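Asks: I'd like to ask some things about the structure below.
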Amino acid sequence: MPIQTEELLQMLACPRCLGALEAVYRGGETAGFACPACAVVYPVRDDIPIMLEEEAIPRQRWDAEQS
Ligand SMILES: [Zn+2]
């Protein structure tokens with residue numbers, strides 16, 4: 001896990017439930033931060049995590065798009 005992602009995981013919280021997040025990867029890159037409680041993924045765009053409720057992608061849709 002890249003050190004930056006680990007630091008972000010400690011800093012960031014889900015804007016909806018304030019719960020802890022987990023990183024989701026795509027091709028070795030951090031593609032987003034998932035909230036297991038809300039079943040959503042907050043995408044990372046241009047290395048910036050988009051921690052906005054309105055940008056959250058339902059986990060089911062995220063997984064479908066990744067496969
Ligand atoms: Zn949440």
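Residues in the structure tokens are numbered from 1 in each chain, the chains being A, B, ... in the order shown, and ligands are numbered from 1 in the order shown.
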Would you list the residues that come within 7 Å of ligand 1? Count only C-alpha atoms and all ligand atoms and give the answer as JSON, numbers by chain.
Replies: {"A": [14, 15, 16, 17, 18, 19, 35, 36, 37, 38]}
Asks: Could you give me, as CSV, a per-residue list for stretch 22-51 of chain A showing, wherever an atom lies at most 9 Å from an atom of stretch 2-11 of chain A, the closest pair of atoms and their distance in Å to one decimal, using only C-alpha atoms and sorting by chain then residue number from low to high?
Replies:
```
residue,atom,partner,partner_atom,distance
A:Glu22,CA,A:Leu9,CA,6.8
A:Ala23,CA,A:Leu9,CA,7.3
A:Glu29,CA,A:Pro2,CA,8.6
A:Thr30,CA,A:Thr5,CA,7.1
A:Phe33,CA,A:Leu9,CA,8.1
A:Pro49,CA,A:Leu8,CA,8.8
```
Asks: Go through A:Ile48, A:Leu12, A:Ala20, A:Val41 one by one, measure the shortest atom-to-atom distance of each to A:Glu65 using only C-alpha atoms, and give the residue with the smallest value.
Replies: A:Val41
Asks: What is the distance between atom CA of A:Gln66 and atom CA of A:Ala13, in Å to one decimal?
Replies: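 Taking atom CA of A:Gln66 and atom CA of A:Ala13, their separation equals 23.1 Å.
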Asks: So which bits of chain A end up strand (DSSP E or B) when you DSSP the backbone, as JSON, numbers by chain?
Replies: {"A": [22, 23, 24, 25, 26, 29, 30, 31, 32, 33, 34, 35, 40, 41, 42, 43, 44, 45, 48, 49, 57, 58]}
Asks: Atom CA of A:Gly28 and atom CA of A:Pro58 are how many Å apart?
Replies: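 Interatomic distance, atom CA of A:Gly28 to atom CA of A:Pro58: 21.4 Å.
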Asks: If you run DSSP on this backbone, which residues of chain A come out as alpha helix (DSSP H), and could you give them as a PyMOL selection string?
Replies: chain A and resi 3-11+59-66
Asks: Quick one: distance from atom CA of A:Asp46 to atom CA of A:Asp63 in Å, one decimal?
Replies: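 Between atom CA of A:Asp46 and atom CA of A:Asp63 the gap works out to 20.1 Å.
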